[in-house]
$ cat structure.txt   # compact mmCIF, C-alpha atoms and all ligand atoms
# COMPACT_ATOMS: atom_id res chain seq x y z
CA MET G 29 -1.28 48.97 0.02
CA LEU G 30 0.16 52.48 0.10
CA GLN G 31 -1.71 54.82 -2.21
CA GLN G 32 0.90 57.57 -2.24
CA THR G 33 3.78 58.76 -0.11
CA GLY G 34 5.22 62.09 0.89
CA VAL G 35 1.77 63.46 1.79
CA GLY G 36 1.41 66.36 4.21
CA VAL G 37 -0.99 66.80 7.12
CA ALA G 38 -3.47 69.66 7.55
CA ILE G 39 -5.81 70.34 10.47
CA THR G 40 -9.05 71.45 8.85
CA GLY G 41 -11.70 71.41 11.57
CA SER G 42 -12.16 71.58 15.31
CA GLY G 43 -15.03 71.03 17.69
CA SER G 44 -15.67 70.70 21.40
CA ALA G 45 -18.37 69.74 23.86
CA ILE G 46 -18.71 70.17 27.60
CA PRO G 47 -21.14 68.78 30.15
CA SER G 48 -23.92 71.18 31.14
CA VAL G 49 -23.33 71.07 34.91
CA SER G 50 -20.67 73.34 36.37
CA LEU G 51 -19.20 73.42 39.87
CA ASP G 52 -17.34 76.53 41.03
CA ASN G 53 -14.66 76.70 43.68
CA GLN G 54 -17.15 77.87 46.28
CA GLY G 55 -19.16 74.70 45.64
CA LEU G 56 -16.09 72.58 46.41
CA THR G 57 -15.90 74.06 49.91
CA GLN G 58 -18.93 71.89 50.73
CA LEU G 59 -16.79 68.82 50.04
CA VAL G 60 -13.31 69.63 51.34
CA GLU G 61 -11.54 72.27 53.40
CA THR G 62 -10.53 74.71 50.70
CA SER G 63 -11.35 78.19 49.40
CA ASP G 64 -11.90 79.95 46.11
CA ASP G 65 -8.87 82.08 46.91
CA TRP G 66 -6.55 79.07 47.50
CA ILE G 67 -7.62 77.27 44.33
CA ALA G 68 -7.56 80.38 42.14
CA THR G 69 -4.15 81.53 43.43
CA ARG G 70 -2.45 78.11 43.21
CA THR G 71 -4.04 76.92 39.97
CA GLY G 72 -5.98 79.66 38.16
CA ILE G 73 -9.07 77.42 38.14
CA ARG G 74 -12.44 79.03 39.00
CA GLN G 75 -14.91 76.34 37.95
CA ARG G 76 -15.13 73.00 36.17
CA ARG G 77 -17.75 71.07 34.20
CA LEU G 78 -18.92 67.71 35.53
CA ALA G 79 -20.55 64.93 33.52
CA GLY G 80 -23.41 63.96 35.81
CA GLU G 81 -25.63 62.73 32.99
CA GLU G 82 -23.44 62.62 29.88
CA SER G 83 -21.39 59.60 28.83
CA LEU G 84 -17.85 59.89 27.49
CA SER G 85 -18.96 58.76 24.05
CA ALA G 86 -21.84 61.28 24.01
CA ILE G 87 -19.64 64.36 24.59
CA ALA G 88 -16.92 62.95 22.34
CA THR G 89 -19.43 62.37 19.53
CA LEU G 90 -20.78 65.93 19.84
CA ALA G 91 -17.29 67.42 19.70
CA ALA G 92 -16.53 65.20 16.69
CA GLN G 93 -19.68 66.24 14.83
CA ARG G 94 -18.71 69.90 15.22
CA ALA G 95 -15.18 69.26 13.97
CA ILE G 96 -16.45 67.29 10.98
CA ALA G 97 -18.91 70.10 10.12
CA MET G 98 -16.13 72.71 10.25
CA ALA G 99 -13.91 70.58 8.02
CA GLY G 100 -16.77 70.33 5.51
CA ILE G 101 -16.62 66.56 5.14
CA ALA G 102 -19.15 63.80 5.79
CA PRO G 103 -18.74 61.13 8.49
CA GLU G 104 -18.53 58.53 5.71
CA ASP G 105 -15.38 60.27 4.43
CA LEU G 106 -13.47 59.35 7.60
CA ASP G 107 -10.84 56.61 7.27
CA LEU G 108 -9.70 56.54 10.89
CA ILE G 109 -10.96 57.65 14.32
CA ILE G 110 -8.58 57.86 17.25
CA LEU G 111 -10.06 58.51 20.68
CA ALA G 112 -7.46 59.73 23.18
CA THR G 113 -8.89 59.03 26.61
CA SER G 114 -8.16 57.47 29.98
CA THR G 115 -11.81 57.28 30.97
CA ALA G 116 -13.59 55.28 28.27
CA ASP G 117 -17.16 54.16 28.95
CA ASP G 118 -15.92 50.66 28.18
CA LEU G 119 -12.48 49.38 29.10
CA PHE G 120 -12.39 47.59 25.74
CA GLY G 121 -12.55 51.05 24.15
CA SER G 122 -15.17 53.64 23.24
CA ALA G 123 -13.94 54.66 19.77
CA SER G 124 -16.08 52.06 17.98
CA SER G 125 -19.22 53.27 19.72
CA ILE G 126 -18.40 56.82 18.56
CA GLN G 127 -17.82 55.52 15.02
CA PHE G 128 -21.33 54.04 15.13
CA GLN G 129 -22.91 57.18 16.62
CA LEU G 130 -21.27 59.34 13.95
CA GLY G 131 -22.24 57.02 11.12
CA ALA G 132 -18.60 56.87 10.07
CA SER G 133 -19.16 53.50 8.47
CA ARG G 134 -15.82 53.29 6.60
CA ALA G 135 -13.59 54.33 9.50
CA VAL G 136 -11.48 52.06 11.64
CA ALA G 137 -11.59 53.26 15.25
CA PHE G 138 -9.48 52.69 18.32
CA ASP G 139 -8.66 54.23 21.70
CA LEU G 140 -5.26 55.59 22.65
CA THR G 141 -4.29 56.05 26.29
CA ALA G 142 -1.55 58.47 27.26
CA ALA G 143 -3.33 60.45 29.99
CA CYS G 144 -2.99 64.22 29.58
CA SER G 145 -0.50 63.71 26.73
CA GLY G 146 -3.11 61.71 24.81
CA PHE G 147 -4.07 64.44 22.37
CA VAL G 148 -0.49 65.24 21.30
CA PHE G 149 0.39 61.54 21.10
CA GLY G 150 -2.77 61.00 19.04
CA LEU G 151 -1.92 63.90 16.73
CA VAL G 152 1.45 62.39 15.97
CA THR G 153 0.01 58.87 15.60
CA ALA G 154 -2.69 60.07 13.20
CA SER G 155 -0.17 62.01 11.13
CA GLN G 156 1.87 58.83 10.53
CA PHE G 157 -1.13 57.18 8.82
CA ILE G 158 -1.65 60.28 6.67
CA ARG G 159 2.01 60.81 5.78
CA THR G 160 2.41 57.21 4.62
CA GLY G 161 -0.56 57.73 2.30
CA VAL G 162 -2.67 55.03 3.95
CA TYR G 163 -5.48 57.32 5.15
CA GLN G 164 -6.72 60.72 3.94
CA ASN G 165 -9.28 61.80 6.55
CA VAL G 166 -8.68 61.22 10.25
CA LEU G 167 -10.75 62.27 13.25
CA LEU G 168 -8.80 62.74 16.47
CA ILE G 169 -10.79 63.17 19.68
CA GLY G 170 -9.44 64.01 23.13
CA ALA G 171 -12.09 63.36 25.77
CA ASP G 172 -12.07 62.59 29.47
CA ILE G 173 -14.45 62.32 32.40
CA LEU G 174 -11.91 62.28 35.21
CA SER G 175 -14.64 63.17 37.72
CA ARG G 176 -15.43 59.43 37.65
CA TRP G 177 -12.02 58.69 39.15
CA VAL G 178 -11.30 61.66 41.38
CA ASP G 179 -11.15 61.14 45.13
CA TRP G 180 -13.66 63.81 46.13
CA SER G 181 -12.35 63.80 49.69
CA ASP G 182 -8.77 64.63 48.63
CA ARG G 183 -8.40 68.40 48.39
CA GLY G 184 -4.94 68.02 46.82
CA THR G 185 -6.45 66.56 43.64
CA CYS G 186 -10.23 67.08 43.49
CA VAL G 187 -9.94 70.84 42.94
CA LEU G 188 -7.90 70.34 39.76
CA PHE G 189 -9.92 68.24 37.35
CA GLY G 190 -12.95 68.68 35.11
CA ASP G 191 -14.69 66.91 32.22
CA GLY G 192 -14.87 67.72 28.52
CA ALA G 193 -14.19 66.74 24.93
CA GLY G 194 -12.42 68.26 21.94
CA ALA G 195 -11.82 67.00 18.43
CA ILE G 196 -9.99 67.84 15.24
CA VAL G 197 -10.14 66.63 11.66
CA MET G 198 -6.76 65.94 10.05
CA GLN G 199 -6.54 65.58 6.28
CA ALA G 200 -3.98 64.69 3.66
CA SER G 201 -2.66 67.88 2.12
CA GLU G 202 -0.08 69.05 -0.38
CA ARG G 203 1.40 71.40 2.22
CA ASP G 204 2.50 69.76 5.45
CA ARG G 205 1.18 71.76 8.39
CA LEU G 206 2.65 69.50 11.07
CA LEU G 207 6.04 71.17 11.25
CA GLY G 208 7.74 69.18 13.98
CA PHE G 209 7.17 67.00 17.03
CA GLU G 210 8.85 65.22 19.91
CA LEU G 211 7.37 62.61 22.26
CA ARG G 212 8.80 61.33 25.55
CA SER G 213 8.03 58.85 28.36
CA ASP G 214 9.64 58.21 31.72
CA GLY G 215 8.19 55.21 33.52
CA THR G 216 10.49 55.65 36.51
CA GLN G 217 8.11 58.39 37.66
CA HIS G 218 5.01 56.30 37.10
CA GLN G 219 3.95 56.57 40.75
CA SER G 220 3.82 60.38 40.69
CA LEU G 221 0.38 60.34 39.06
CA SER G 222 -1.77 57.27 38.70
CA LEU G 223 -5.21 55.75 38.49
CA ALA G 224 -4.13 52.26 39.35
CA TYR G 225 -5.75 48.86 39.38
CA THR G 226 -5.53 47.14 42.72
CA ALA G 227 -5.80 43.39 42.63
CA GLN G 228 -7.93 41.42 45.05
CA PRO G 229 -7.12 37.74 44.68
CA LYS G 230 -10.16 35.51 44.43
CA GLU G 231 -9.79 31.74 44.54
CA LEU G 232 -11.64 30.26 41.56
CA VAL G 233 -10.89 26.63 42.26
CA PRO G 234 -8.45 25.34 44.88
CA GLY G 235 -4.96 26.61 44.05
CA ILE G 236 -6.03 28.90 41.17
CA ASN G 237 -6.58 32.61 41.78
CA VAL G 238 -7.83 35.40 39.55
CA GLN G 239 -7.68 39.11 40.32
CA ALA G 240 -11.14 40.46 41.02
CA GLY G 241 -9.93 43.96 41.83
CA THR G 242 -10.88 47.47 40.91
CA TYR G 243 -9.38 50.79 39.86
CA HIS G 244 -8.67 53.27 42.61
CA PRO G 245 -9.09 57.03 42.52
CA ILE G 246 -6.35 59.29 41.22
CA THR G 247 -3.27 59.70 43.40
CA MET G 248 -0.72 62.40 42.71
CA ASN G 249 2.46 63.89 44.07
CA GLY G 250 1.56 67.47 43.14
CA LYS G 251 4.98 68.95 43.79
CA GLU G 252 6.77 66.29 41.72
CA VAL G 253 4.37 66.70 38.82
CA TYR G 254 4.71 70.48 38.96
CA ARG G 255 8.51 70.27 38.93
CA PHE G 256 8.43 67.76 36.06
CA ALA G 257 6.13 69.95 33.97
CA VAL G 258 8.04 73.22 34.31
CA GLN G 259 11.33 71.49 33.52
CA LYS G 260 10.35 69.05 30.75
CA VAL G 261 7.73 71.01 28.81
CA PRO G 262 10.06 73.87 27.75
CA GLU G 263 12.71 71.27 26.78
CA VAL G 264 10.37 69.22 24.61
CA LEU G 265 8.93 72.35 22.97
CA GLU G 266 12.44 73.55 22.13
CA LYS G 267 13.24 70.15 20.61
CA ALA G 268 10.07 70.17 18.50
CA MET G 269 10.73 73.76 17.38
CA PHE G 270 14.27 72.77 16.42
CA ARG G 271 12.93 69.89 14.34
CA ALA G 272 10.44 72.29 12.73
CA SER G 273 13.19 74.88 12.07
CA ILE G 274 10.98 77.42 13.82
CA SER G 275 12.23 80.13 16.18
CA ILE G 276 10.39 81.30 19.30
CA GLU G 277 9.58 84.60 17.55
CA GLN G 278 7.70 82.75 14.79
CA ILE G 279 5.30 81.12 17.25
CA ASP G 280 1.87 82.76 17.18
CA TRP G 281 0.32 80.76 20.03
CA LEU G 282 1.52 78.66 22.94
CA LEU G 283 -1.15 76.02 23.54
CA LEU G 284 -0.30 73.85 26.52
CA HIS G 285 -2.24 71.16 28.30
CA GLN G 286 -4.42 73.21 30.63
CA ALA G 287 -3.25 71.83 33.99
CA ASN G 288 -2.41 74.90 36.04
CA GLN G 289 -2.00 78.59 35.19
CA ARG G 290 1.29 78.68 37.12
CA ILE G 291 2.66 75.93 34.85
CA LEU G 292 1.51 77.84 31.75
CA ASP G 293 3.13 81.05 33.03
CA ALA G 294 6.39 79.34 34.04
CA VAL G 295 6.76 77.61 30.65
CA ALA G 296 6.00 80.81 28.75
CA GLN G 297 8.48 82.73 30.88
CA ARG G 298 11.23 80.13 30.33
CA LEU G 299 10.69 80.22 26.59
CA LYS G 300 10.31 84.02 26.60
CA ILE G 301 6.90 83.81 24.96
CA PRO G 302 4.78 86.88 25.83
CA THR G 303 1.61 86.33 27.90
CA GLU G 304 -0.69 87.53 25.13
CA LYS G 305 0.39 84.55 23.00
CA VAL G 306 -0.52 82.02 25.71
CA ILE G 307 -3.90 80.35 25.24
CA SER G 308 -5.65 79.66 28.52
CA ASN G 309 -9.20 78.62 29.35
CA LEU G 310 -8.54 76.53 32.45
CA ALA G 311 -10.30 79.05 34.69
CA ASN G 312 -13.58 77.72 33.27
CA TYR G 313 -12.83 74.02 32.90
CA GLY G 314 -9.93 72.95 35.15
CA ASN G 315 -7.72 70.14 33.89
CA THR G 316 -9.76 68.11 31.37
CA SER G 317 -6.86 65.74 30.61
CA ALA G 318 -6.79 64.59 26.94
CA ALA G 319 -9.56 67.09 26.12
CA SER G 320 -7.81 70.23 27.30
CA ILE G 321 -5.73 71.09 24.20
CA PRO G 322 -8.46 70.52 21.55
CA LEU G 323 -11.03 72.26 23.78
CA ALA G 324 -8.83 75.36 24.11
CA LEU G 325 -7.89 75.17 20.42
CA ASP G 326 -11.52 75.02 19.33
CA GLU G 327 -12.52 77.96 21.53
CA ALA G 328 -9.65 80.08 20.22
CA VAL G 329 -10.47 79.18 16.60
CA ARG G 330 -14.18 79.97 17.01
CA GLU G 331 -13.38 83.25 18.79
CA GLY G 332 -11.31 84.20 15.75
CA LYS G 333 -8.11 84.36 17.82
CA ILE G 334 -6.35 81.55 15.94
CA LYS G 335 -6.40 82.26 12.21
CA PRO G 336 -5.48 80.11 9.19
CA GLY G 337 -1.71 79.91 8.85
CA ASP G 338 -1.00 80.72 12.51
CA ILE G 339 1.82 78.67 14.02
CA ILE G 340 0.88 76.88 17.22
CA ALA G 341 3.33 75.34 19.67
CA SER G 342 1.43 72.75 21.67
CA SER G 343 2.52 70.47 24.46
CA GLY G 344 0.80 67.79 26.50
CA PHE G 345 2.18 66.30 29.71
CA GLY G 346 0.95 64.05 32.47
CA ALA G 347 0.71 60.56 33.88
CA GLY G 348 3.13 57.93 32.70
CA LEU G 349 4.96 60.15 33.01
CA THR G 350 4.52 61.18 29.40
CA TRP G 351 5.08 64.45 27.61
CA GLY G 352 5.30 65.68 24.07
CA ALA G 353 5.13 68.68 21.79
CA ALA G 354 3.80 69.32 18.31
CA ILE G 355 4.34 72.46 16.24
CA PHE G 356 1.63 72.93 13.63
CA GLN G 357 -0.08 75.52 11.46
CA TRP G 358 -3.83 75.89 11.73
CA GLY G 359 -5.92 75.38 8.62
CA ARG G 360 -5.62 73.94 5.13
N1 LIG O 1 -7.21 73.96 49.52
C1 LIG O 1 -6.56 74.48 50.56
N2 LIG O 1 -5.37 74.05 50.97
C2 LIG O 1 -4.81 73.04 50.29
C3 LIG O 1 -5.44 72.44 49.18
C4 LIG O 1 -6.69 72.94 48.79
N3 LIG O 1 -7.38 72.45 47.76
N4 LIG O 1 -4.65 71.46 48.69
C5 LIG O 1 -3.55 71.43 49.45
N5 LIG O 1 -3.66 72.40 50.44
C6 LIG O 1 -2.69 72.72 51.49
C7 LIG O 1 -1.74 71.60 51.78
O1 LIG O 1 -2.32 70.70 52.70
C8 LIG O 1 -0.58 72.35 52.35
O2 LIG O 1 -0.85 72.67 53.69
P1 LIG O 1 0.30 72.58 54.80
O3 LIG O 1 1.33 73.59 54.35
O4 LIG O 1 -0.42 72.93 56.06
O5 LIG O 1 0.80 71.18 54.75
C9 LIG O 1 -0.57 73.64 51.57
O6 LIG O 1 -1.89 73.78 51.04
C10 LIG O 1 0.44 73.66 50.45
O7 LIG O 1 0.27 72.48 49.72
P2 LIG O 1 1.19 72.10 48.54
O8 LIG O 1 0.83 70.74 48.03
O9 LIG O 1 2.60 72.39 48.93
O10 LIG O 1 0.73 73.21 47.47
P3 LIG O 1 1.36 73.53 46.11
O11 LIG O 1 1.75 74.96 46.07
O12 LIG O 1 2.37 72.51 45.67
O13 LIG O 1 0.09 73.38 45.15
C11 LIG O 1 -0.86 71.90 43.56
C12 LIG O 1 -0.54 72.14 45.03
C13 LIG O 1 -1.54 70.56 43.43
C14 LIG O 1 -1.81 73.00 43.09
C15 LIG O 1 0.47 71.96 42.74
O14 LIG O 1 1.42 71.13 43.32
C16 LIG O 1 0.26 71.56 41.31
O15 LIG O 1 -0.45 72.20 40.56
N6 LIG O 1 0.94 70.48 40.86
C17 LIG O 1 0.78 69.98 39.52
C18 LIG O 1 -0.47 69.16 39.46
C19 LIG O 1 -0.92 68.88 38.07
O16 LIG O 1 -0.98 69.74 37.24
N7 LIG O 1 -1.31 67.62 37.84
C20 LIG O 1 -1.85 67.18 36.62
C21 LIG O 1 -0.79 67.11 35.58
S1 LIG O 1 -1.44 66.47 34.13
$ encode --input "structure.txt" --output "structure tokens"
Amino acid sequence: MLQQTGVGVAITGSGSAIPSVSLDNQGLTQLVETSDDWIATRTGIRQRRLAGEESLSAIATLAAQRAIAMAGIAPEDLDLIILATSTADDLFGSASSIQFQLGASRAVAFDLTAACSGFVFGLVTASQFIRTGVYQNVLLIGADILSRWVDWSDRGTCVLFGDGAGAIVMQASERDRLLGFELRSDGTQHQSLSLAYTAQPKELVPGINVQAGTYHPITMNGKEVYRFAVQKVPEVLEKAMFRASISIEQIDWLLLHQANQRILDAVAQRLKIPTEKVISNLANYGNTSAASIPLALDEAVREGKIKPGDIIASSGFGAGLTWGAAIFQWGR
């Protein structure tokens, strides 16, 4: 039953967690024919974290605990946990295991898969539950361990990705801090970026087959994905800003999915957003998929860069293809 309607959404806490092991570009030259200079010039990435020991649910839980602490609530206060990931420890979902590890005994928990758009899609999904008055306290986690699924012999992809987790707490609020959003999908370009299941028929009994296959490492058409991002991300941000009745000049921070510095620069240039308003930490982490936006958000908040009331234009984009934007104000 709906408790109340017309409720707003506030983002009241953030947290992040990264694996302890890091691999710099020089280290990658032991695996593939590449160079620090090539990777840094084409992508802006200098190093990435790799989860050699840590599980997805372990780094996600740590990020979540930090976000919950910042929000000043207890795990038992949570009504809902959404885990945006493409690399769950368990294909049935890892959100419930995180719910258990947090001790969030009242919360319902589920995974949401939308690749590198997962965090923005999750933000919008969570806000629907809050706006309808159903839930008051929601934990949204973006976490990925893409190193599990990277082809480490493919220099076109292995230099790009890294592992990490970020989380936010979203709460019902009198003032609505989610100012506008827009989400998009285009399945016609599904092949441009995928981590696909390949079936291997196995005959169970005569005449009846099942598919005893496996998932294959990430494949990507880098040029297509690049073109898609620099065209679609500015469009979707403009649409979300229009819905929010916000002008470019009112944006304090541009917070994009951290895929490639050239994509960040091209989007900022198209929107005429000055470089000093662009949040970037991909040099240290590479592309951490669903984790990249909350990881960069949390760092900027803890550094004191992002302050309460600041207006953030965020956009996620990636496999699907999917893309989306959310314009929100940080804080209560
Ligand atoms: N080190 C050295 N050389 C490399 C290399 C690497 N890691 N990867 C590719 N090359 C080579 C190519 O083989 C090619 O050589 P050739 O000219 O002899 O054929 C040359 O560098 C140029 O490759 P190209 O693929 O045209 O480079 P690019 O400028 O398009 O950059 C990406 C490649 C992947 C960095 C770029 O396309 C990109 O960032 N795309 C978006 C990817 C992305 O963000 N995906 C995730 C979205 S969520």
$ closest_residue --input "structure.txt" --among "G:Gln127, G:Ser308, G:Thr303, G:Thr62" --to "ligand LIG 1 (chain O)" --atoms "all atoms listed in the file"
G:Thr62
$ closest_atom_pairs --input "structure.txt" --of "segment 217-304 of chain G" --to "segment 172-192 of chain G" --cutoff "12 Å" --atoms "all atoms listed in the file" --output "CSV"
residue,atom,partner,partner_atom,distance
G:Leu221,CA,G:Thr185,CA,10.3
G:Ser222,CA,G:Trp177,CA,10.4
G:Leu223,CA,G:Trp177,CA,7.4
G:Ala224,CA,G:Trp177,CA,10.2
G:Tyr225,CA,G:Trp177,CA,11.7
G:Thr242,CA,G:Trp177,CA,11.4
G:Tyr243,CA,G:Trp177,CA,8.4
G:His244,CA,G:Trp177,CA,7.3
G:Pro245,CA,G:Trp177,CA,4.8
G:Ile246,CA,G:Val178,CA,5.5
G:Thr247,CA,G:Thr185,CA,7.6
G:Met248,CA,G:Thr185,CA,7.1
G:Asn249,CA,G:Gly184,CA,8.9
G:Gly250,CA,G:Gly184,CA,7.5
G:Lys251,CA,G:Gly184,CA,10.4
G:Val253,CA,G:Thr185,CA,11.8
G:Gln286,CA,G:Phe189,CA,10.0
G:Ala287,CA,G:Leu188,CA,7.6
G:Asn288,CA,G:Leu188,CA,8.0
G:Gln289,CA,G:Leu188,CA,11.1
$ atom_distance --input "structure.txt" --atom1 "atom CA of Leu299 of chain G" --atom2 "atom CA of Glu263 of chain G"
9.2 Å
$ closest_residue --input "structure.txt" --among "G:Val295, G:Val49, G:Val60, G:Val264" --to "ligand LIG 1 (chain O)" --atoms "only C-alpha atoms and all ligand atoms"
G:Val60
$ closest_residue --input "structure.txt" --among "G:Lys333, G:Ser63, G:Val306, G:Ser44" --to "Ala88 of chain G" --atoms "only C-alpha atoms"
G:Ser44
$ closest_residue --input "structure.txt" --among "G:Ala311, G:Cys144, G:Leu84, G:Ala154" --to "ligand LIG 1 (chain O)" --atoms "all atoms listed in the file"
G:Cys144
$ decode --input "structure.txt" --residues "segment 246-272 of chain G" --atoms "C-alpha atoms" --output "PDB file, in the first residue's frame"
ATOM      1  CA  ILE G 246      34.274  -9.093 -23.929  1.00  0.00           C
ATOM      2  CA  THR G 247      34.226  -8.197 -27.619  1.00  0.00           C
ATOM      3  CA  MET G 248      33.995  -4.604 -28.756  1.00  0.00           C
ATOM      4  CA  ASN G 249      33.998  -2.468 -31.863  1.00  0.00           C
ATOM      5  CA  GLY G 250      35.953   0.386 -30.290  1.00  0.00           C
ATOM      6  CA  LYS G 251      35.392   2.885 -33.074  1.00  0.00           C
ATOM      7  CA  GLU G 252      31.618   2.279 -33.147  1.00  0.00           C
ATOM      8  CA  VAL G 253      31.333   2.616 -29.387  1.00  0.00           C
ATOM      9  CA  TYR G 254      33.413   5.793 -29.423  1.00  0.00           C
ATOM     10  CA  ARG G 255      31.246   7.324 -32.156  1.00  0.00           C
ATOM     11  CA  PHE G 256      28.064   6.311 -30.320  1.00  0.00           C
ATOM     12  CA  ALA G 257      29.241   7.846 -27.048  1.00  0.00           C
ATOM     13  CA  VAL G 258      30.313  11.236 -28.396  1.00  0.00           C
ATOM     14  CA  GLN G 259      27.081  11.583 -30.356  1.00  0.00           C
ATOM     15  CA  LYS G 260      24.473  10.184 -27.939  1.00  0.00           C
ATOM     16  CA  VAL G 261      25.786  11.331 -24.560  1.00  0.00           C
ATOM     17  CA  PRO G 262      25.526  15.091 -25.273  1.00  0.00           C
ATOM     18  CA  GLU G 263      22.018  14.518 -26.720  1.00  0.00           C
ATOM     19  CA  VAL G 264      20.734  12.601 -23.703  1.00  0.00           C
ATOM     20  CA  LEU G 265      22.281  15.116 -21.285  1.00  0.00           C
ATOM     21  CA  GLU G 266      20.581  17.974 -23.133  1.00  0.00           C
ATOM     22  CA  LYS G 267      17.256  16.124 -22.939  1.00  0.00           C
ATOM     23  CA  ALA G 268      17.639  15.504 -19.198  1.00  0.00           C
ATOM     24  CA  MET G 269      18.647  19.138 -18.607  1.00  0.00           C
ATOM     25  CA  PHE G 270      15.601  20.267 -20.573  1.00  0.00           C
ATOM     26  CA  ARG G 271      13.364  18.088 -18.404  1.00  0.00           C
ATOM     27  CA  ALA G 272      15.064  19.528 -15.319  1.00  0.00           C
TER      28      ALA G 272
END
